[in-house]
file query-v5.txt (compact mmCIF, C-alpha atoms and all ligand atoms)
# COMPACT_ATOMS: atom_id res chain seq x y z
CA MET A 8 -7.50 8.37 7.71
CA SER A 9 -10.59 6.30 6.90
CA ALA A 10 -10.37 2.87 5.29
CA HIS A 11 -11.89 4.28 2.13
CA ASP A 12 -9.18 6.89 1.88
CA MET A 13 -6.57 4.15 2.15
CA THR A 14 -7.65 2.74 -1.23
CA ARG A 15 -6.03 5.83 -2.76
CA PHE A 16 -2.69 4.44 -1.64
CA VAL A 17 -3.04 0.68 -1.23
CA GLY A 18 -3.73 -2.24 -3.56
CA TRP A 19 -3.99 -5.94 -2.82
CA PHE A 20 -4.35 -9.48 -4.11
CA ASP A 21 -6.56 -11.96 -2.30
CA ASP A 22 -5.34 -15.05 -4.11
CA PRO A 23 -1.76 -15.98 -5.04
CA SER A 24 -2.87 -17.02 -8.54
CA GLN A 25 -4.23 -13.59 -9.42
CA THR A 26 -2.34 -11.62 -12.03
CA GLU A 27 -4.37 -8.46 -11.48
CA PRO A 28 -4.95 -6.94 -8.05
CA VAL A 29 -8.45 -6.96 -6.54
CA SER A 30 -8.02 -3.27 -5.91
CA GLN A 31 -5.23 -1.01 -6.95
CA PRO A 32 -4.50 2.62 -6.38
CA GLN A 33 -4.79 4.96 -9.31
CA PHE A 34 -1.39 5.72 -10.81
CA PRO A 35 -0.04 8.29 -10.83
CA GLY A 36 -1.69 9.06 -7.53
CA PRO A 37 -0.66 10.74 -4.31
CA CYS A 38 2.38 9.59 -2.36
CA ILE A 39 1.35 8.05 0.99
CA ALA A 40 4.06 10.03 2.74
CA CYS A 41 3.86 13.58 1.35
CA LEU A 42 0.51 13.34 -0.52
CA GLN A 43 2.01 14.99 -3.61
CA PRO A 44 1.51 13.32 -7.02
CA MET A 45 3.99 10.63 -7.99
CA SER A 46 5.52 10.10 -11.41
CA GLU A 47 7.00 7.16 -13.31
CA GLU A 48 10.43 8.62 -12.58
CA ASP A 49 9.95 8.90 -8.84
CA VAL A 50 8.00 6.00 -7.39
CA ARG A 51 8.71 3.00 -5.21
CA THR A 52 6.26 0.14 -4.73
CA ILE A 53 6.40 -1.58 -1.35
CA ASN A 54 5.07 -5.15 -1.24
CA LEU A 55 3.93 -6.73 2.00
CA MET A 56 2.49 -10.09 2.93
CA TRP A 57 -0.53 -9.68 5.09
CA ALA A 58 -0.12 -11.69 8.26
CA ASP A 59 -3.68 -13.04 8.07
CA ARG A 60 -2.75 -15.89 5.75
CA LYS A 61 -6.17 -17.46 5.69
CA HIS A 62 -7.14 -14.73 3.24
CA GLY A 63 -3.95 -15.20 1.25
CA LEU A 64 -3.49 -11.51 0.78
CA SER A 65 -0.51 -9.65 -0.40
CA VAL A 66 -0.60 -5.92 -0.19
CA PHE A 67 1.26 -3.12 -1.92
CA TYR A 68 1.49 0.61 -1.67
CA ARG A 69 3.51 3.31 -3.34
CA MET A 70 5.47 6.32 -2.32
CA HIS A 71 8.04 8.56 -3.95
CA ARG A 72 11.43 6.94 -4.19
CA THR A 73 12.80 10.25 -2.94
CA CYS A 74 10.47 10.14 0.08
CA ALA A 75 11.43 6.53 0.81
CA VAL A 76 15.16 7.16 0.74
CA SER A 77 14.85 10.19 3.01
CA MET A 78 13.16 8.11 5.75
CA SER A 79 14.62 6.04 8.49
CA ASP A 80 13.80 2.32 8.60
CA ARG A 81 11.61 3.11 11.56
CA GLU A 82 9.55 5.63 9.60
CA ARG A 83 9.16 3.24 6.67
CA ASN A 84 8.07 0.50 9.06
CA ALA A 85 5.43 2.83 10.45
CA TYR A 86 3.85 3.11 6.98
CA ASP A 87 3.91 -0.67 6.63
CA ALA A 88 2.11 -0.93 9.96
CA VAL A 89 -0.58 1.59 8.98
CA VAL A 90 -1.24 -0.24 5.72
CA LEU A 91 -1.41 -3.68 7.34
CA GLU A 92 -3.71 -2.37 10.04
CA ALA A 93 -6.12 -1.00 7.42
CA MET A 94 -6.23 -4.23 5.40
CA PRO A 95 -8.95 -6.19 7.24
CA SER A 96 -11.51 -3.45 6.76
CA LEU A 97 -10.36 -2.73 3.18
CA ALA A 98 -10.69 -6.37 2.22
CA GLY A 99 -14.07 -6.68 3.94
CA CYS A 100 -12.87 -9.16 6.54
CA ARG A 101 -14.40 -7.40 9.49
ZN ZN A 201 6.31 11.69 -1.44

call {"tool": "encode", "arguments": {"input": "query-v5.txt", "output": "structure tokens", "more": "lines below"}}
Ligand SMILES: [Zn+2]
result
Amino acid sequence: MSAHDMTRFVGWFDDPSQTEPVSQPQFPGPCIACLQPMSEEDVRTINLMWADRKHGLSVFYRMHRTCAVSMSDRERNAYDAVVLEAMPSLAGCR
């Protein structure tokens, strides 16, 4: 998946004082896990702190609540890892 495609799933803040994200995925948009549309009734937002603190970023992405609960912790962690790995190029840091 290209970095550009990731913006369909991922949003972020680059300053802790921001009340609106720099970029946010369209909602309702596709679930990062099954790629089917989400709804207000079936969505979970996952918030992550990006490890590169010098940019002060926090990151979020969404998936179906039903997809999230059907996964193992290991599978959920794999999505976290994909999102965090994409962040430097999404945020223009490299
Ligand atoms: Zn899903």

call {"tool": "closest_residue", "arguments": {"input": "query-v5.txt", "among": "A:Leu97, A:Leu64, A:Val50, A:Met56", "to": "Arg15 in chain A", "atoms": "all atoms listed in the file"}}
result
A:Leu97

call {"tool": "closest_residue", "arguments": {"input": "query-v5.txt", "among": "A:Glu82, A:Glu27, A:Asp21, A:Asp49", "to": "ligand ZN 201 (chain A)", "atoms": "only C-alpha atoms and all ligand atoms"}}
result
A:Asp49

call {"tool": "closest_residue", "arguments": {"input": "query-v5.txt", "among": "A:Ser46, A:Ser65, A:Gln25, A:Asn54", "to": "ligand ZN 201 (chain A)", "atoms": "all atoms listed in the file"}}
result
A:Ser46

call {"tool": "residues_around", "arguments": {"input": "query-v5.txt", "residues": "Pro28 in chain A", "least_positions_apart": "4", "cutoff": "12 Å", "atoms": "all atoms listed in the file", "output": "list in words"}}
result
Val17, Gly18, Trp19, Phe20, Asp21, Asp22, Pro23, Ser24, Pro32, Gln33, Leu64, Ser65, Val66, Phe67, Tyr68 and Ala98 of chain A

call {"tool": "write_last_selection", "arguments": {"input": "query-v5.txt", "atoms": "C-alpha atoms", "output": "mmCIF file, in the frame of the given file"}}
result
data_model
loop_
_atom_site.group_PDB
_atom_site.id
_atom_site.type_symbol
_atom_site.label_atom_id
_atom_site.label_comp_id
_atom_site.auth_asym_id
_atom_site.auth_seq_id
_atom_site.Cartn_x
_atom_site.Cartn_y
_atom_site.Cartn_z
ATOM 1 C CA VAL A 17 -3.040 0.680 -1.230
ATOM 2 C CA GLY A 18 -3.730 -2.240 -3.560
ATOM 3 C CA TRP A 19 -3.990 -5.940 -2.820
ATOM 4 C CA PHE A 20 -4.350 -9.480 -4.110
ATOM 5 C CA ASP A 21 -6.560 -11.960 -2.300
ATOM 6 C CA ASP A 22 -5.340 -15.050 -4.110
ATOM 7 C CA PRO A 23 -1.760 -15.980 -5.040
ATOM 8 C CA SER A 24 -2.870 -17.020 -8.540
ATOM 9 C CA PRO A 32 -4.500 2.620 -6.380
ATOM 10 C CA GLN A 33 -4.790 4.960 -9.310
ATOM 11 C CA LEU A 64 -3.490 -11.510 0.780
ATOM 12 C CA SER A 65 -0.510 -9.650 -0.400
ATOM 13 C CA VAL A 66 -0.600 -5.920 -0.190
ATOM 14 C CA PHE A 67 1.260 -3.120 -1.920
ATOM 15 C CA TYR A 68 1.490 0.610 -1.670
ATOM 16 C CA ALA A 98 -10.690 -6.370 2.220
#

call {"tool": "closest_residue", "arguments": {"input": "query-v5.txt", "among": "A:Ser77, A:Gly99, A:Val90, A:Asn84", "to": "ligand ZN 201 (chain A)", "atoms": "all atoms listed in the file"}}
result
A:Ser77

call {"tool": "closest_atom_pairs", "arguments": {"input": "query-v5.txt", "of": "chain A", "to": "ligand ZN 201 (chain A)", "cutoff": "6 Å", "atoms": "all atoms listed in the file", "output": "JSON lines"}}
result
{"residue": "A:Cys38", "atom": "CA", "partner": "A:ZN201", "partner_atom": "ZN", "distance": 4.5}
{"residue": "A:Ala40", "atom": "CA", "partner": "A:ZN201", "partner_atom": "ZN", "distance": 5.0}
{"residue": "A:Cys41", "atom": "CA", "partner": "A:ZN201", "partner_atom": "ZN", "distance": 4.2}
{"residue": "A:Gln43", "atom": "CA", "partner": "A:ZN201", "partner_atom": "ZN", "distance": 5.8}
{"residue": "A:Met70", "atom": "CA", "partner": "A:ZN201", "partner_atom": "ZN", "distance": 5.5}
{"residue": "A:His71", "atom": "CA", "partner": "A:ZN201", "partner_atom": "ZN", "distance": 4.4}
{"residue": "A:Cys74", "atom": "CA", "partner": "A:ZN201", "partner_atom": "ZN", "distance": 4.7}

call {"tool": "closest_residue", "arguments": {"input": "query-v5.txt", "among": "A:Ser96, A:Ala75, A:Pro37, A:Ala88", "to": "Leu55 in chain A", "atoms": "all atoms listed in the file"}}
result
A:Ala88

call {"tool": "decode", "arguments": {"input": "query-v5.txt", "residues": "chain A", "atoms": "C-alpha atoms", "output": "PDB file, in the first residue's frame"}}
result
ATOM      1  CA  MET A   8       0.000   0.000   0.000  1.00  0.00           C
ATOM      2  CA  SER A   9       1.449   3.396  -0.943  1.00  0.00           C
ATOM      3  CA  ALA A  10       1.756   6.231   1.550  1.00  0.00           C
ATOM      4  CA  HIS A  11      -0.925   8.136  -0.317  1.00  0.00           C
ATOM      5  CA  ASP A  12      -3.349   5.268   0.062  1.00  0.00           C
ATOM      6  CA  MET A  13      -2.715   5.267   3.797  1.00  0.00           C
ATOM      7  CA  THR A  14      -4.347   8.701   4.110  1.00  0.00           C
ATOM      8  CA  ARG A  15      -7.650   6.922   3.427  1.00  0.00           C
ATOM      9  CA  PHE A  16      -7.245   5.223   6.790  1.00  0.00           C
ATOM     10  CA  VAL A  17      -4.964   7.363   8.938  1.00  0.00           C
ATOM     11  CA  GLY A  18      -5.163  10.835  10.466  1.00  0.00           C
ATOM     12  CA  TRP A  19      -2.682  12.694  12.630  1.00  0.00           C
ATOM     13  CA  PHE A  20      -1.862  15.726  14.736  1.00  0.00           C
ATOM     14  CA  ASP A  21       1.570  17.310  14.569  1.00  0.00           C
ATOM     15  CA  ASP A  22       1.198  19.527  17.611  1.00  0.00           C
ATOM     16  CA  PRO A  23      -0.349  18.644  20.980  1.00  0.00           C
ATOM     17  CA  SER A  24      -2.252  21.956  21.040  1.00  0.00           C
ATOM     18  CA  GLN A  25      -4.151  21.231  17.836  1.00  0.00           C
ATOM     19  CA  THR A  26      -7.857  20.595  18.157  1.00  0.00           C
ATOM     20  CA  GLU A  27      -8.251  19.544  14.528  1.00  0.00           C
ATOM     21  CA  PRO A  28      -6.040  16.929  12.877  1.00  0.00           C
ATOM     22  CA  VAL A  29      -3.594  17.969  10.146  1.00  0.00           C
ATOM     23  CA  SER A  30      -5.037  15.209   8.039  1.00  0.00           C
ATOM     24  CA  GLN A  31      -7.951  12.973   8.746  1.00  0.00           C
ATOM     25  CA  PRO A  32      -9.515  10.111   6.899  1.00  0.00           C
ATOM     26  CA  GLN A  33     -12.896  10.653   5.343  1.00  0.00           C
ATOM     27  CA  PHE A  34     -15.659   9.235   7.516  1.00  0.00           C
ATOM     28  CA  PRO A  35     -17.405   6.998   6.872  1.00  0.00           C
ATOM     29  CA  GLY A  36     -14.562   5.496   4.912  1.00  0.00           C
ATOM     30  CA  PRO A  37     -13.164   2.028   4.396  1.00  0.00           C
ATOM     31  CA  CYS A  38     -12.112  -0.146   7.316  1.00  0.00           C
ATOM     32  CA  ILE A  39      -8.324  -0.672   7.331  1.00  0.00           C
ATOM     33  CA  ALA A  40      -8.846  -4.373   7.986  1.00  0.00           C
ATOM     34  CA  CYS A  41     -11.610  -5.501   5.612  1.00  0.00           C
ATOM     35  CA  LEU A  42     -11.814  -2.393   3.348  1.00  0.00           C
ATOM     36  CA  GLN A  43     -15.613  -2.344   3.610  1.00  0.00           C
ATOM     37  CA  PRO A  44     -17.352   0.945   4.529  1.00  0.00           C
ATOM     38  CA  MET A  45     -17.686   1.722   8.218  1.00  0.00           C
ATOM     39  CA  SER A  46     -20.700   3.230   9.940  1.00  0.00           C
ATOM     40  CA  GLU A  47     -21.310   5.273  13.095  1.00  0.00           C
ATOM     41  CA  GLU A  48     -22.647   2.093  14.692  1.00  0.00           C
ATOM     42  CA  ASP A  49     -19.622  -0.041  13.915  1.00  0.00           C
ATOM     43  CA  VAL A  50     -16.366   1.854  14.228  1.00  0.00           C
ATOM     44  CA  ARG A  51     -13.411   1.911  16.583  1.00  0.00           C
ATOM     45  CA  THR A  52     -10.770   4.644  16.556  1.00  0.00           C
ATOM     46  CA  ILE A  53      -7.278   3.549  17.558  1.00  0.00           C
ATOM     47  CA  ASN A  54      -4.991   6.302  18.870  1.00  0.00           C
ATOM     48  CA  LEU A  55      -1.224   5.916  18.837  1.00  0.00           C
ATOM     49  CA  MET A  56       1.661   8.112  19.866  1.00  0.00           C
ATOM     50  CA  TRP A  57       4.256   8.248  17.176  1.00  0.00           C
ATOM     51  CA  ALA A  58       7.620   7.302  18.597  1.00  0.00           C
ATOM     52  CA  ASP A  59       9.378  10.159  16.785  1.00  0.00           C
ATOM     53  CA  ARG A  60       8.584  12.698  19.495  1.00  0.00           C
ATOM     54  CA  LYS A  61      10.496  15.530  17.929  1.00  0.00           C
ATOM     55  CA  HIS A  62       7.554  15.936  15.578  1.00  0.00           C
ATOM     56  CA  GLY A  63       5.066  15.645  18.422  1.00  0.00           C
ATOM     57  CA  LEU A  64       2.732  13.522  16.399  1.00  0.00           C
ATOM     58  CA  SER A  65      -0.160  11.498  17.526  1.00  0.00           C
ATOM     59  CA  VAL A  66      -1.783   9.247  15.014  1.00  0.00           C
ATOM     60  CA  PHE A  67      -5.184   7.624  14.714  1.00  0.00           C
ATOM     61  CA  TYR A  68      -6.876   5.168  12.448  1.00  0.00           C
ATOM     62  CA  ARG A  69     -10.233   3.479  12.329  1.00  0.00           C
ATOM     63  CA  MET A  70     -11.573   0.035  11.783  1.00  0.00           C
ATOM     64  CA  HIS A  71     -14.873  -1.714  12.373  1.00  0.00           C
ATOM     65  CA  ARG A  72     -15.465  -2.491  16.015  1.00  0.00           C
ATOM     66  CA  THR A  73     -16.560  -5.922  14.817  1.00  0.00           C
ATOM     67  CA  CYS A  74     -13.272  -6.382  12.934  1.00  0.00           C
ATOM     68  CA  ALA A  75     -11.264  -5.236  15.960  1.00  0.00           C
ATOM     69  CA  VAL A  76     -12.940  -7.622  18.381  1.00  0.00           C
ATOM     70  CA  SER A  77     -12.497 -10.566  16.038  1.00  0.00           C
ATOM     71  CA  MET A  78      -8.699 -10.059  15.932  1.00  0.00           C
ATOM     72  CA  SER A  79      -6.008 -11.299  18.209  1.00  0.00           C
ATOM     73  CA  ASP A  80      -3.827  -8.739  20.000  1.00  0.00           C
ATOM     74  CA  ARG A  81      -1.072  -9.763  17.645  1.00  0.00           C
ATOM     75  CA  GLU A  82      -3.144  -8.928  14.563  1.00  0.00           C
ATOM     76  CA  ARG A  83      -4.183  -5.570  16.015  1.00  0.00           C
ATOM     77  CA  ASN A  84      -0.558  -4.793  16.820  1.00  0.00           C
ATOM     78  CA  ALA A  85       0.355  -5.531  13.217  1.00  0.00           C
ATOM     79  CA  TYR A  86      -2.010  -2.752  12.060  1.00  0.00           C
ATOM     80  CA  ASP A  87      -0.469  -0.371  14.585  1.00  0.00           C
ATOM     81  CA  ALA A  88       2.955  -1.219  13.175  1.00  0.00           C
ATOM     82  CA  VAL A  89       1.887  -0.618   9.561  1.00  0.00           C
ATOM     83  CA  VAL A  90       0.404   2.760  10.463  1.00  0.00           C
ATOM     84  CA  LEU A  91       3.436   3.888  12.470  1.00  0.00           C
ATOM     85  CA  GLU A  92       5.761   2.783   9.702  1.00  0.00           C
ATOM     86  CA  ALA A  93       3.852   4.879   7.155  1.00  0.00           C
ATOM     87  CA  MET A  94       3.845   8.025   9.305  1.00  0.00           C
ATOM     88  CA  PRO A  95       7.230   9.565   8.405  1.00  0.00           C
ATOM     89  CA  SER A  96       6.405   9.669   4.705  1.00  0.00           C
ATOM     90  CA  LEU A  97       2.788  10.751   5.334  1.00  0.00           C
ATOM     91  CA  ALA A  98       3.913  13.625   7.511  1.00  0.00           C
ATOM     92  CA  GLY A  99       6.625  14.640   5.052  1.00  0.00           C
ATOM     93  CA  CYS A 100       9.487  13.876   7.411  1.00  0.00           C
ATOM     94  CA  ARG A 101      11.529  11.929   4.917  1.00  0.00           C
TER      95      ARG A 101
END
